[in-house]
file entry.cif (mmCIF, C-alpha atoms)
data_query
loop_
_atom_site.label_atom_id
_atom_site.label_comp_id
_atom_site.auth_asym_id
_atom_site.auth_seq_id
_atom_site.Cartn_x
_atom_site.Cartn_y
_atom_site.Cartn_z
CA MET A 89 18.03 -39.68 -31.43
CA ALA A 90 14.74 -39.35 -29.61
CA SER A 91 11.87 -41.24 -31.09
CA LEU A 92 9.05 -39.51 -32.92
CA ARG A 93 6.61 -40.20 -30.13
CA ASP A 94 8.93 -38.77 -27.45
CA ILE A 95 9.36 -35.54 -29.36
CA LYS A 96 5.65 -35.30 -30.01
CA SER A 97 4.82 -35.64 -26.32
CA ARG A 98 7.42 -33.04 -25.39
CA ILE A 99 5.89 -30.62 -27.87
CA THR A 100 2.44 -31.16 -26.40
CA SER A 101 3.58 -30.63 -22.84
CA THR A 102 5.55 -27.50 -23.74
CA LYS A 103 2.50 -26.13 -25.51
CA LYS A 104 0.45 -26.66 -22.37
CA THR A 105 3.04 -24.90 -20.22
CA LYS A 106 3.03 -22.05 -22.67
CA GLN A 107 -0.72 -21.70 -22.38
CA ILE A 108 -0.42 -21.44 -18.62
CA THR A 109 2.39 -18.88 -18.62
CA LYS A 110 0.54 -16.89 -21.26
CA ALA A 111 -2.58 -16.83 -19.10
CA MET A 112 -0.55 -15.82 -16.06
CA GLU A 113 1.05 -13.04 -18.04
CA MET A 114 -2.33 -11.66 -19.01
CA VAL A 115 -3.70 -11.94 -15.49
CA SER A 116 -0.67 -10.08 -14.15
CA ALA A 117 -1.07 -7.40 -16.80
CA ALA A 118 -4.67 -6.83 -15.74
CA LYS A 119 -3.70 -6.75 -12.07
CA LEU A 120 -0.84 -4.40 -12.81
CA ASN A 121 -3.28 -2.01 -14.40
CA ARG A 122 -5.51 -2.06 -11.34
CA ALA A 123 -2.56 -1.69 -8.98
CA GLN A 124 -1.30 1.31 -10.91
CA ASN A 125 -4.70 2.97 -10.79
CA LYS A 126 -4.84 2.35 -7.09
CA ALA A 127 -1.40 3.86 -6.55
CA GLN A 128 -2.50 6.86 -8.63
CA SER A 129 -5.64 7.47 -6.62
CA PHE A 130 -3.67 7.25 -3.39
CA LEU A 131 -1.16 9.94 -4.33
CA PRO A 132 -3.32 13.02 -3.67
CA TYR A 133 -3.85 11.86 -0.09
CA THR A 134 -0.16 11.75 0.90
CA GLU A 135 0.64 14.85 -1.08
CA LYS A 136 -1.98 16.85 0.78
CA ILE A 137 -0.83 15.63 4.19
CA ARG A 138 2.75 16.32 3.25
CA GLU A 139 1.87 19.85 2.24
CA VAL A 140 0.14 20.61 5.50
CA VAL A 141 2.77 18.92 7.68
CA SER A 142 5.60 20.73 5.99
CA SER A 143 3.83 24.06 6.29
CA ILE A 144 3.51 23.48 10.03
CA ALA A 145 6.96 22.03 10.53
CA SER A 146 8.73 24.67 8.52
CA GLY A 147 6.74 27.48 10.10
CA GLY A 148 8.89 27.33 13.20
CA GLY A 149 7.86 28.75 16.52
CA GLU A 150 5.91 27.31 19.38
CA GLY A 151 4.77 23.72 19.17
CA THR A 152 6.14 23.03 15.74
CA SER A 153 8.56 20.33 16.77
CA HIS A 154 7.62 16.78 17.45
CA PRO A 155 9.63 13.67 18.41
CA MET A 156 8.76 12.09 15.08
CA LEU A 157 10.44 14.93 13.22
CA GLU A 158 13.71 14.81 15.14
CA ALA A 159 16.55 12.41 14.45
CA ARG A 160 17.59 10.69 17.65
CA ASP A 161 21.11 11.27 18.91
CA GLU A 162 21.84 7.64 19.54
CA ILE A 163 20.60 4.89 17.25
CA LYS A 164 20.35 1.78 19.37
CA LYS A 165 17.98 -0.23 17.26
CA THR A 166 16.97 0.02 13.64
CA ALA A 167 13.89 -1.53 12.10
CA TYR A 168 13.60 -2.72 8.53
CA LEU A 169 10.17 -3.01 7.03
CA VAL A 170 10.54 -5.39 4.11
CA ILE A 171 7.74 -5.72 1.58
CA THR A 172 7.79 -8.94 -0.43
CA SER A 173 5.17 -11.00 -2.22
CA ASP A 174 3.30 -14.07 -1.03
CA ARG A 175 3.93 -16.11 -4.13
CA GLY A 176 6.90 -16.81 -6.32
CA LEU A 177 7.07 -17.00 -10.11
CA ALA A 178 7.90 -13.33 -10.27
CA GLY A 179 11.44 -13.50 -11.55
CA ALA A 180 14.01 -11.84 -9.33
CA TYR A 181 11.37 -9.75 -7.55
CA ASN A 182 11.85 -11.29 -4.12
CA SER A 183 15.35 -12.70 -4.36
CA GLY A 184 16.91 -9.41 -5.48
CA LEU A 185 15.25 -7.48 -2.68
CA LEU A 186 16.02 -10.02 0.04
CA ARG A 187 19.63 -10.40 -1.00
CA GLN A 188 20.17 -6.67 -0.89
CA THR A 189 18.44 -6.28 2.47
CA LEU A 190 20.47 -9.10 3.95
CA LYS A 191 23.68 -7.58 2.65
CA LEU A 192 22.86 -4.14 4.07
CA ILE A 193 21.96 -5.57 7.45
CA GLU A 194 25.17 -7.58 7.61
CA GLU A 195 27.19 -4.52 6.71
CA ARG A 196 25.54 -2.22 9.22
CA HIS A 197 24.96 -4.42 12.22
CA SER A 198 27.20 -6.76 14.10
CA SER A 199 24.64 -8.27 16.43
CA GLN A 200 20.97 -9.16 16.33
CA ASP A 201 20.26 -6.72 19.16
CA GLU A 202 20.83 -3.82 16.83
CA TYR A 203 18.01 -4.40 14.40
CA GLY A 204 14.56 -5.86 13.98
CA LEU A 205 12.48 -6.85 11.01
CA ILE A 206 8.90 -6.20 10.09
CA VAL A 207 7.94 -8.34 7.15
CA MET A 208 5.07 -8.23 4.71
CA GLY A 209 4.64 -11.23 2.44
CA ARG A 210 5.28 -14.93 2.81
CA MET A 211 8.50 -15.05 0.77
CA GLY A 212 10.24 -12.54 3.01
CA ARG A 213 8.96 -14.05 6.21
CA ASP A 214 10.18 -17.54 5.30
CA PHE A 215 13.51 -16.15 4.18
CA PHE A 216 14.25 -14.35 7.44
CA LYS A 217 12.73 -17.03 9.61
CA LYS A 218 14.97 -19.65 8.05
CA ARG A 219 17.99 -17.53 8.90
CA GLY A 220 16.79 -17.05 12.47
CA MET A 221 16.65 -13.26 12.23
CA PRO A 222 14.50 -11.28 14.69
CA ILE A 223 11.05 -10.69 13.18
CA TYR A 224 8.99 -8.29 15.28
CA GLN A 225 5.87 -8.28 13.17
CA GLU A 226 4.69 -10.06 10.09
CA ILE A 227 1.70 -10.04 7.82
CA VAL A 228 1.03 -12.55 5.08
CA GLY A 229 -1.86 -13.20 2.72
CA LEU A 230 -2.45 -9.58 1.76
CA PRO A 231 -4.90 -9.28 -1.13
CA ASP A 232 -3.68 -8.26 -4.56
CA GLN A 233 -5.36 -4.89 -4.26
CA PRO A 234 -4.87 -4.10 -0.57
CA GLU A 235 -7.16 -1.64 1.14
CA TYR A 236 -5.90 0.80 3.71
CA ALA A 237 -7.80 -1.10 6.40
CA ASP A 238 -5.83 -4.28 5.60
CA ILE A 239 -2.56 -2.84 6.84
CA LYS A 240 -3.86 -0.26 9.28
CA ASN A 241 -2.97 -2.47 12.23
CA ILE A 242 0.56 -3.40 11.30
CA ALA A 243 1.24 0.17 10.16
CA SER A 244 0.10 1.77 13.38
CA THR A 245 1.91 -0.79 15.54
CA THR A 246 5.06 -0.07 13.56
CA VAL A 247 4.70 3.65 14.09
CA ASN A 248 3.99 3.06 17.79
CA MET A 249 7.15 0.98 18.10
CA PHE A 250 9.03 4.07 17.02
CA THR A 251 7.22 6.42 19.39
CA ASP A 252 7.62 3.96 22.26
CA GLY A 253 11.36 3.93 21.66
CA ILE A 254 11.70 0.26 20.69
CA PHE A 255 13.23 1.43 17.44
CA ASP A 256 15.13 4.63 16.81
CA GLU A 257 14.94 4.48 13.04
CA ILE A 258 12.70 2.71 10.59
CA TYR A 259 13.61 1.96 6.99
CA VAL A 260 11.34 0.56 4.32
CA HIS A 261 12.77 -1.87 1.77
CA TYR A 262 10.69 -2.60 -1.30
CA ASN A 263 10.75 -2.79 -5.05
CA HIS A 264 9.94 0.59 -6.50
CA PHE A 265 7.89 0.53 -9.68
CA VAL A 266 9.85 2.20 -12.47
CA SER A 267 8.01 0.72 -15.41
CA ALA A 268 6.26 -2.53 -16.23
CA ILE A 269 9.57 -4.12 -17.13
CA SER A 270 11.79 -2.49 -14.57
CA GLN A 271 11.68 -2.50 -10.78
CA GLN A 272 14.22 -1.03 -8.49
CA VAL A 273 15.14 -2.18 -5.01
CA THR A 274 14.70 0.90 -2.85
CA GLU A 275 15.48 1.83 0.71
CA THR A 276 13.62 4.78 2.15
CA LYS A 277 13.73 6.18 5.62
CA LEU A 278 10.25 6.11 7.10
CA LEU A 279 10.93 7.49 10.56
CA PRO A 280 12.03 9.90 11.88
CA LEU A 281 10.51 12.20 9.29
CA THR A 282 13.49 14.36 8.65
CA GLY A 283 13.57 16.52 5.59
CA PHE A 284 10.62 18.75 6.33
CA LYS A 285 12.74 21.45 7.87
CA GLU A 286 15.40 21.16 5.18
CA ASP A 287 12.69 21.37 2.54
CA LYS A 288 11.94 24.90 3.53
CA GLU A 289 15.31 26.35 2.68
CA GLY A 290 15.48 25.13 -0.86
CA ASP A 291 11.81 25.66 -1.48
CA SER A 292 10.75 29.09 -2.63
CA THR A 293 7.01 28.47 -2.94
CA PRO A 294 5.29 30.39 -0.17
CA THR A 295 3.41 28.21 2.28
CA LEU A 296 -0.03 29.35 3.31
CA ASP A 297 -0.48 30.96 6.65
CA TYR A 298 -2.95 28.58 8.21
CA LEU A 299 -5.07 29.03 11.24
CA TYR A 300 -4.70 25.96 13.41
CA GLU A 301 -7.67 24.72 15.31
CA PRO A 302 -6.98 24.16 18.22
CA ASN A 303 -3.18 24.59 17.81
CA PRO A 304 -0.27 23.34 15.69
CA ALA A 305 1.01 20.91 18.33
CA VAL A 306 -2.25 18.99 18.50
CA ILE A 307 -2.46 18.82 14.74
CA LEU A 308 1.09 17.53 14.39
CA GLU A 309 0.40 15.00 17.10
CA ARG A 310 -2.51 13.61 15.14
CA MET A 311 -1.23 14.10 11.66
CA LEU A 312 2.27 12.64 11.84
CA PRO A 313 1.30 9.09 12.77
CA HIS A 314 -1.27 9.25 9.97
CA TYR A 315 1.33 10.44 7.56
CA ALA A 316 3.80 7.70 8.50
CA GLU A 317 1.10 5.06 8.21
CA SER A 318 0.02 6.34 4.85
CA LEU A 319 3.65 6.23 3.68
CA ILE A 320 3.75 2.55 4.56
CA TYR A 321 0.56 2.00 2.61
CA GLY A 322 1.99 3.94 -0.31
CA SER A 323 5.11 1.76 -0.34
CA LEU A 324 2.94 -1.33 -0.28
CA LEU A 325 0.92 -0.13 -3.28
CA ASP A 326 4.14 0.67 -5.11
CA ALA A 327 5.53 -2.76 -4.24
CA LYS A 328 2.35 -4.47 -5.41
CA ALA A 329 2.51 -2.72 -8.76
CA SER A 330 6.15 -3.83 -9.09
CA GLU A 331 5.21 -7.37 -8.17
CA PHE A 332 2.72 -7.63 -11.01
CA GLY A 333 5.13 -5.95 -13.37
CA ALA A 334 7.86 -8.41 -12.41
CA ARG A 335 5.51 -11.35 -12.69
CA MET A 336 4.27 -10.18 -16.06
CA THR A 337 7.81 -9.86 -17.38
CA ALA A 338 8.84 -13.22 -15.94
CA MET A 339 5.82 -14.90 -17.48
CA ARG A 340 6.34 -13.18 -20.80
CA SER A 341 9.90 -14.46 -21.03
CA ALA A 342 8.72 -17.92 -19.98
CA THR A 343 6.16 -17.80 -22.80
CA ASP A 344 8.84 -16.69 -25.27
CA ASN A 345 11.13 -19.48 -24.14
CA ALA A 346 8.34 -21.99 -24.55
CA SER A 347 7.72 -20.72 -28.10
CA ASP A 348 11.41 -21.07 -28.96
CA MET A 349 11.45 -24.55 -27.53
CA ILE A 350 8.36 -25.57 -29.48
CA ASP A 351 9.93 -24.27 -32.73
CA GLU A 352 13.11 -26.19 -32.03
CA LEU A 353 11.25 -29.37 -31.15
CA THR A 354 9.02 -29.09 -34.21
CA LEU A 355 12.11 -28.81 -36.40
CA LYS A 356 13.59 -31.84 -34.69
CA TYR A 357 10.32 -33.69 -35.10
CA ASN A 358 10.16 -32.95 -38.82
CA ARG A 359 13.78 -34.01 -39.32
CA ALA A 360 13.12 -37.25 -37.47
CA ARG A 361 10.00 -37.81 -39.53
CA GLN A 362 11.89 -37.21 -42.77
CA ALA A 363 14.68 -39.50 -41.66
CA ALA A 364 12.15 -42.20 -40.86
CA ILE A 365 10.52 -41.85 -44.30
CA THR A 366 13.88 -41.89 -46.06
CA GLN A 367 14.84 -44.98 -44.17
CA GLU A 368 11.58 -46.67 -45.09
CA ILE A 369 12.04 -45.84 -48.79
CA ASN A 370 15.58 -47.13 -48.61
CA GLU A 371 14.36 -50.36 -47.12
CA ILE A 372 11.69 -50.76 -49.80
CA VAL A 373 14.13 -49.95 -52.60
CA GLY A 374 16.67 -52.31 -51.05
CA GLY A 375 14.03 -55.02 -50.76
CA ALA A 376 12.94 -54.55 -54.38
CA ALA A 377 16.57 -54.62 -55.59
CA ALA A 378 17.17 -57.87 -53.75
CA LEU A 379 14.23 -59.47 -55.59
CA GLU A 380 15.56 -58.67 -59.09
CA MET B 213 -24.56 31.70 -4.95
CA LYS B 214 -20.85 31.58 -4.32
CA THR B 215 -19.30 28.16 -4.47
CA MET B 216 -15.97 26.55 -3.63
CA GLN B 217 -14.22 23.34 -4.54
CA ALA B 218 -14.59 20.48 -2.04
CA ASN B 219 -12.60 17.25 -2.08
CA VAL B 220 -12.94 14.30 0.23
CA VAL B 221 -9.92 12.04 -0.13
CA THR B 222 -9.03 8.74 1.54
CA PRO B 223 -6.03 6.47 1.02
CA ASP B 224 -8.31 4.32 -1.14
CA GLY B 225 -9.19 7.15 -3.46
CA SER B 226 -11.44 10.16 -3.81
CA VAL B 227 -14.96 10.00 -2.37
CA PHE B 228 -16.31 13.41 -3.22
CA ASP B 229 -15.17 16.05 -5.64
CA GLY B 230 -17.27 19.02 -6.70
CA GLN B 231 -18.41 22.63 -6.35
CA VAL B 232 -20.28 23.25 -3.12
CA GLU B 233 -21.92 26.10 -1.20
CA MET B 234 -21.13 25.01 2.31
CA VAL B 235 -19.27 22.31 4.20
CA SER B 236 -20.12 21.52 7.78
CA VAL B 237 -17.93 19.19 9.82
CA LYS B 238 -17.46 17.98 13.35
CA THR B 239 -13.95 18.78 14.55
CA THR B 240 -12.45 17.58 17.79
CA GLU B 241 -13.33 21.00 19.20
CA GLY B 242 -16.91 21.12 17.97
CA GLU B 243 -19.05 21.72 14.92
CA LEU B 244 -17.65 23.98 12.26
CA GLY B 245 -19.26 25.36 9.12
CA ILE B 246 -17.16 26.53 6.22
CA LEU B 247 -18.41 28.96 3.57
CA PRO B 248 -16.52 30.18 0.52
CA ASN B 249 -13.74 32.70 1.23
CA HIS B 250 -12.91 31.27 4.62
CA LEU B 251 -9.48 31.96 6.05
CA PRO B 252 -6.93 29.14 5.53
CA LEU B 253 -7.46 26.65 8.33
CA VAL B 254 -6.37 23.21 9.42
CA ALA B 255 -8.39 21.22 11.93
CA PRO B 256 -8.52 17.59 13.00
CA LEU B 257 -11.89 15.89 12.55
CA ALA B 258 -13.79 13.74 15.00
CA ILE B 259 -15.65 10.61 14.00
CA GLY B 260 -18.87 11.98 12.61
CA ALA B 261 -20.78 13.26 9.63
CA VAL B 262 -19.60 15.74 7.06
CA ARG B 263 -22.44 17.70 5.50
CA ILE B 264 -21.84 19.12 2.09
CA LYS B 265 -24.38 21.54 0.67
CA ALA B 266 -24.50 21.93 -3.07
CA ASP B 267 -27.42 23.14 -5.21
CA SER B 268 -29.53 23.18 -2.02
CA ASN B 269 -29.05 19.44 -1.62
CA VAL B 270 -27.24 18.14 1.42
CA GLN B 271 -24.82 15.27 0.92
CA LEU B 272 -23.84 13.33 4.03
CA ILE B 273 -20.52 11.54 4.32
CA ALA B 274 -19.48 9.30 7.21
CA VAL B 275 -15.92 10.16 8.19
CA SER B 276 -13.72 8.47 10.73
CA GLY B 277 -10.69 10.41 11.79
CA GLY B 278 -8.75 12.76 9.61
CA PHE B 279 -8.21 16.42 8.86
CA MET B 280 -9.75 19.30 7.10
CA GLU B 281 -7.68 21.81 5.21
CA VAL B 282 -9.38 25.01 4.13
CA ARG B 283 -8.15 27.50 1.56
CA ARG B 284 -9.96 30.50 0.14
CA ASP B 285 -11.87 28.61 -2.48
CA GLU B 286 -11.10 25.04 -1.61
CA VAL B 287 -11.86 22.59 1.17
CA ASN B 288 -9.92 19.34 1.43
CA ILE B 289 -10.96 16.61 3.78
CA LEU B 290 -8.36 13.91 4.33
CA ALA B 291 -9.85 10.99 6.16
CA GLU B 292 -8.78 7.49 6.99
CA SER B 293 -12.14 6.34 5.77
CA ALA B 294 -15.07 8.20 4.25
CA GLU B 295 -18.27 6.74 2.91
CA LEU B 296 -21.41 8.03 1.23
CA PRO B 297 -24.58 6.73 2.90
CA SER B 298 -25.24 4.46 -0.06
CA ASP B 299 -21.79 2.86 0.25
CA ILE B 300 -22.08 1.95 3.92
CA ASP B 301 -22.20 -1.74 4.60
CA VAL B 302 -24.94 -1.77 7.24
CA ALA B 303 -24.59 -5.44 8.11
CA ARG B 304 -20.87 -5.03 8.67
CA ALA B 305 -21.32 -1.91 10.77
CA ARG B 306 -23.90 -3.72 12.89
CA ALA B 307 -21.58 -6.67 13.40
CA ALA B 308 -18.75 -4.29 14.31
CA LYS B 309 -21.01 -2.55 16.80
CA GLU B 310 -21.91 -5.80 18.52
CA ARG B 311 -18.31 -6.96 18.58
CA ALA B 312 -17.19 -3.66 20.09
CA GLU B 313 -19.90 -3.79 22.73
CA ARG B 314 -18.89 -7.30 23.71
CA ARG B 315 -15.27 -6.23 24.02
CA LEU B 316 -16.18 -3.19 26.06
CA ALA B 317 -18.03 -5.42 28.51
CA GLN B 318 -14.98 -7.64 28.89
CA ALA B 319 -12.00 -5.32 28.76
CA LYS B 320 -10.85 -3.29 31.68
CA LYS B 321 -10.99 0.45 31.57
CA ASP B 322 -7.94 2.54 30.59
CA ASN B 323 -6.49 -0.47 28.91
CA LEU B 324 -5.55 -0.23 25.24
CA ASP B 325 -8.14 -2.74 24.10
CA PHE B 326 -10.81 -0.74 25.84
CA LYS B 327 -9.90 2.41 23.98
CA ARG B 328 -9.74 0.55 20.71
CA ALA B 329 -13.15 -1.00 21.23
CA GLU B 330 -14.53 2.38 22.17
CA MET B 331 -13.28 3.88 18.90
CA ALA B 332 -14.65 0.94 16.93
CA LEU B 333 -18.02 1.38 18.60
CA LYS B 334 -18.07 5.09 17.78
CA ARG B 335 -17.25 4.38 14.15
CA ALA B 336 -19.92 1.73 13.86
CA ILE B 337 -22.59 3.92 15.44
CA ASN B 338 -21.61 6.81 13.22
CA ARG B 339 -21.94 4.64 10.12
CA LEU B 340 -25.32 3.28 11.17
CA GLU B 341 -26.68 6.74 11.97
CA ILE B 342 -25.55 8.23 8.70
CA SER B 343 -26.85 5.37 6.66
CA ASN B 344 -30.22 5.85 8.38
CA MET B 345 -30.27 9.59 7.72
CA GLY B 346 -29.16 9.18 4.15
CA GLY B 347 -31.76 6.51 3.50
CA LYS B 348 -34.70 8.77 4.34
#
call {"tool": "encode", "arguments": {"input": "entry.cif", "output": "structure tokens"}}
result
Amino acid sequence: MASLRDIKSRITSTKKTKQITKAMEMVSAAKLNRAQNKAQSFLPYTEKIREVVSSIASGGGEGTSHPMLEARDEIKKTAYLVITSDRGLAGAYNSGLLRQTLKLIEERHSSQDEYGLIVMGRMGRDFFKKRGMPIYQEIVGLPDQPEYADIKNIASTTVNMFTDGIFDEIYVHYNHFVSAISQQVTETKLLPLTGFKEDKEGDSTPTLDYLYEPNPAVILERMLPHYAESLIYGSLLDAKASEFGARMTAMRSATDNASDMIDELTLKYNRARQAAITQEINEIVGGAAALE
Amino acid sequence: MKTMQANVVTPDGSVFDGQVEMVSVKTTEGELGILPNHLPLVAPLAIGAVRIKADSNVQLIAVSGGFMEVRRDEVNILAESAELPSDIDVARARAAKERAERRLAQAKKDNLDFKRAEMALKRAINRLEISNMGGK
């Protein structure tokens, strides 16, 4: 049986760990709040662009098609934009996502010439680098509350890679924020932006008849890259919110575990203490009996 | 006087939201003023100032790139970045201007870097101008 002092020191160290995980939980909760607000305030922007783009794209007629709206006949190379975090201690946040991405890639592609990776976050970059997979672009050290300007560069280069024909399809892999305790690994198709034309048929809400200044083609030309970039930003905000949610949950369960462990150790400590006292009494009684 | 709803939205959130009498913007094709009851319209914006007139006050907003969507009683401006004069970081804009000028001197014409630096310079100048006008 462990000595009294050993148990005592284990209790103290567990208590300290608990303090840390508790603090991290609270920090993550605060950051989660901010990230959620940020994601909220971003929504109107994409929704508006989406509305306008779909009213142009579904309008039909001259100049309403654009290479970014058309699926390519032959898919030679697919890009995966994977959004991970820079730091660990977030439960299965990164590992779940990376495992799934790896599995999908292995299922779909037989050689490295068929795909490329664009990675956000240190965890993902290290993971793919270690496996020697082709990383076309990477960005690490993004702030907790990223601004649009932070990812503007990588987003526009990604979109350009599609327009330049380096990639024929781009998918985004990230953890979608369902609730503070639940995140879901999600794959969404970023480019080409199919779905606008299909939208029209099922949609009965009348789209406004806009005047286009100077003409629809020019507007699509300018608006689509914007839209794609803003989708990337939106996914990043979503992923960030999930990250803090995952970290908060992970830290909460760590705190709970520490509490359980402290209870158990305290019980052990008290038993050991009692045993020591009993033994001492026994010795005294024994000693006294021997004297009589 | 008749008013309409005006919103200026960026990916980082809303910058302006309120009832206004007139919105005047610089599109890629030229200046354009929008009054209430305008026909629905979509136009891309150039780097420049958006003037919003409400209660006979004029509010300036520095906008770089984006779109304007007009409906009968609503104007939406979707910009990559939009700042009120009081929010402009003058020191940063100045630094950006100098950096862009240096790059322009170095880079060759019709090269991508040149175009990028040109855009950066335009944005910086726009910010400085608007912050000057707004400060008066």
call {"tool": "closest_residue", "arguments": {"input": "entry.cif", "among": "B:Leu253, B:Val227, B:Ala266, B:Met213", "to": "chain A", "atoms": "all atoms listed in the file"}}
result
B:Leu253
call {"tool": "residues_around", "arguments": {"input": "entry.cif", "residues": "Ala167 in chain A", "least_positions_apart": "5", "cutoff": "10 Å", "atoms": "all atoms listed in the file", "output": "list in words"}}
result
Glu202, Tyr203, Gly204, Leu205, Ile206, Ile223, Tyr224, Thr246, Met249, Phe250, Ile254, Phe255, Asp256, Glu257, Ile258, Tyr259, Val260, Leu278 and Leu279 of chain A
call {"tool": "write_last_selection", "arguments": {"input": "entry.cif", "atoms": "C-alpha atoms", "output": "tab-separated table (two decimals), keeping the file's coordinate frame"}}
result
chain	number	residue	atom	x	y	z
A	202	GLU	CA	20.83	-3.82	16.83
A	203	TYR	CA	18.01	-4.40	14.40
A	204	GLY	CA	14.56	-5.86	13.98
A	205	LEU	CA	12.48	-6.85	11.01
A	206	ILE	CA	8.90	-6.20	10.09
A	223	ILE	CA	11.05	-10.69	13.18
A	224	TYR	CA	8.99	-8.29	15.28
A	246	THR	CA	5.06	-0.07	13.56
A	249	MET	CA	7.15	0.98	18.10
A	250	PHE	CA	9.03	4.07	17.02
A	254	ILE	CA	11.70	0.26	20.69
A	255	PHE	CA	13.23	1.43	17.44
A	256	ASP	CA	15.13	4.63	16.81
A	257	GLU	CA	14.94	4.48	13.04
A	258	ILE	CA	12.70	2.71	10.59
A	259	TYR	CA	13.61	1.96	6.99
A	260	VAL	CA	11.34	0.56	4.32
A	278	LEU	CA	10.25	6.11	7.10
A	279	LEU	CA	10.93	7.49	10.56
call {"tool": "resolve_selection", "arguments": {"input": "entry.cif", "expression": "the PyMOL selection byres ((chain B) within 6 of (chain A))", "output": "tab-separated table (two decimals) with C-alpha atoms, in the frame of the given file"}}
result
chain	number	residue	atom	x	y	z
B	223	PRO	CA	-6.03	6.47	1.02
B	224	ASP	CA	-8.31	4.32	-1.14
B	225	GLY	CA	-9.19	7.15	-3.46
B	252	PRO	CA	-6.93	29.14	5.53
B	253	LEU	CA	-7.46	26.65	8.33
B	254	VAL	CA	-6.37	23.21	9.42
B	255	ALA	CA	-8.39	21.22	11.93
call {"tool": "residues_around", "arguments": {"input": "entry.cif", "residues": "range 325-340 of chain A", "least_positions_apart": "3", "cutoff": "7 Å", "atoms": "only C-alpha atoms", "output": "count of residues only"}}
result
28
call {"tool": "residues_around", "arguments": {"input": "entry.cif", "residues": "Ala329 in chain B", "least_positions_apart": "6", "cutoff": "10 Å", "atoms": "all atoms listed in the file", "output": "PyMOL selection string"}}
result
chain B and resi 308-309+311-317+319+335
call {"tool": "atom_distance", "arguments": {"input": "entry.cif", "atom1": "CA of Met234 in chain B", "atom2": "CA of Lys265 in chain B"}}
result
5.0 Å
call {"tool": "residues_near_point", "arguments": {"input": "entry.cif", "point": "(7.1, 12.9, 20.5)", "cutoff": "8 Å", "atoms": "only C-alpha atoms", "output": "ChimeraX atom specification"}}
result
/A:154-156,251,309
call {"tool": "residues_near_point", "arguments": {"input": "entry.cif", "point": "(7.7, -21.4, -27.5)", "cutoff": "12 Å", "atoms": "only C-alpha atoms", "output": "list in words"}}
result
Arg98, Ile99, Thr100, Ser101, Thr102, Lys103, Lys104, Thr105, Lys106, Gln107, Thr109, Lys110, Arg340, Ser341, Ala342, Thr343, Asp344, Asn345, Ala346, Ser347, Asp348, Met349, Ile350, Asp351, Glu352, Leu353 and Thr354 of chain A
call {"tool": "atom_distance", "arguments": {"input": "entry.cif", "atom1": "CA of Gln231 in chain B", "atom2": "CA of Leu312 in chain A"}}
result
29.3 Å
call {"tool": "resolve_selection", "arguments": {"input": "entry.cif", "expression": "the PyMOL selection byres ((chain B and resi 339) around 8)", "output": "count of residues only"}}
result
13
call {"tool": "atom_distance", "arguments": {"input": "entry.cif", "atom1": "CA of Ile264 in chain B", "atom2": "CA of Tyr315 in chain A"}}
result
25.3 Å
call {"tool": "resolve_selection", "arguments": {"input": "entry.cif", "expression": "the PyMOL selection byres ((chain A and resi 216) around 12)", "output": "ChimeraX atom specification"}}
result
/A:168,170,172,183,186-187,189-190,193,204-215,217-226
call {"tool": "residues_around", "arguments": {"input": "entry.cif", "residues": "Phe228 in chain B", "least_positions_apart": "5", "cutoff": "10 Å", "atoms": "all atoms listed in the file", "output": "ChimeraX atom specification"}}
result
/B:218-222,264,271,273,288-289,294-296
call {"tool": "residues_around", "arguments": {"input": "entry.cif", "residues": "Lys238 in chain B", "least_positions_apart": "3", "cutoff": "9 Å", "atoms": "all atoms listed in the file", "output": "number ranges by chain"}}
result
B: 241-245, 256-262
call {"tool": "decode", "arguments": {"input": "entry.cif", "residues": "range 257-281 of chain B", "atoms": "C-alpha atoms", "output": "compact mmCIF listing (two decimals), in the first residue's frame"}}
result
# COMPACT_ATOMS: atom_id res chain seq x y z
CA LEU B 257 -18.05 48.56 -56.86
CA ALA B 258 -14.65 50.11 -57.41
CA ILE B 259 -12.28 50.94 -54.60
CA GLY B 260 -13.63 54.22 -53.33
CA ALA B 261 -15.97 56.03 -51.00
CA VAL B 262 -19.58 55.24 -50.33
CA ARG B 263 -21.58 58.29 -49.30
CA ILE B 264 -24.67 57.68 -47.28
CA LYS B 265 -27.02 60.58 -46.65
CA ALA B 266 -29.31 60.35 -43.67
CA ASP B 267 -30.98 63.21 -41.77
CA SER B 268 -28.98 65.62 -43.96
CA ASN B 269 -25.73 64.22 -42.59
CA VAL B 270 -23.33 62.51 -44.94
CA GLN B 271 -21.60 59.38 -43.70
CA LEU B 272 -18.49 58.30 -45.59
CA ILE B 273 -17.39 54.69 -45.77
CA ALA B 274 -14.17 53.45 -47.35
CA VAL B 275 -14.94 50.39 -49.44
CA SER B 276 -12.54 48.13 -51.28
CA GLY B 277 -14.10 45.88 -53.84
CA GLY B 278 -17.52 44.38 -53.62
CA PHE B 279 -21.05 44.74 -54.90
CA MET B 280 -24.13 46.75 -54.46
CA GLU B 281 -27.55 45.21 -54.60
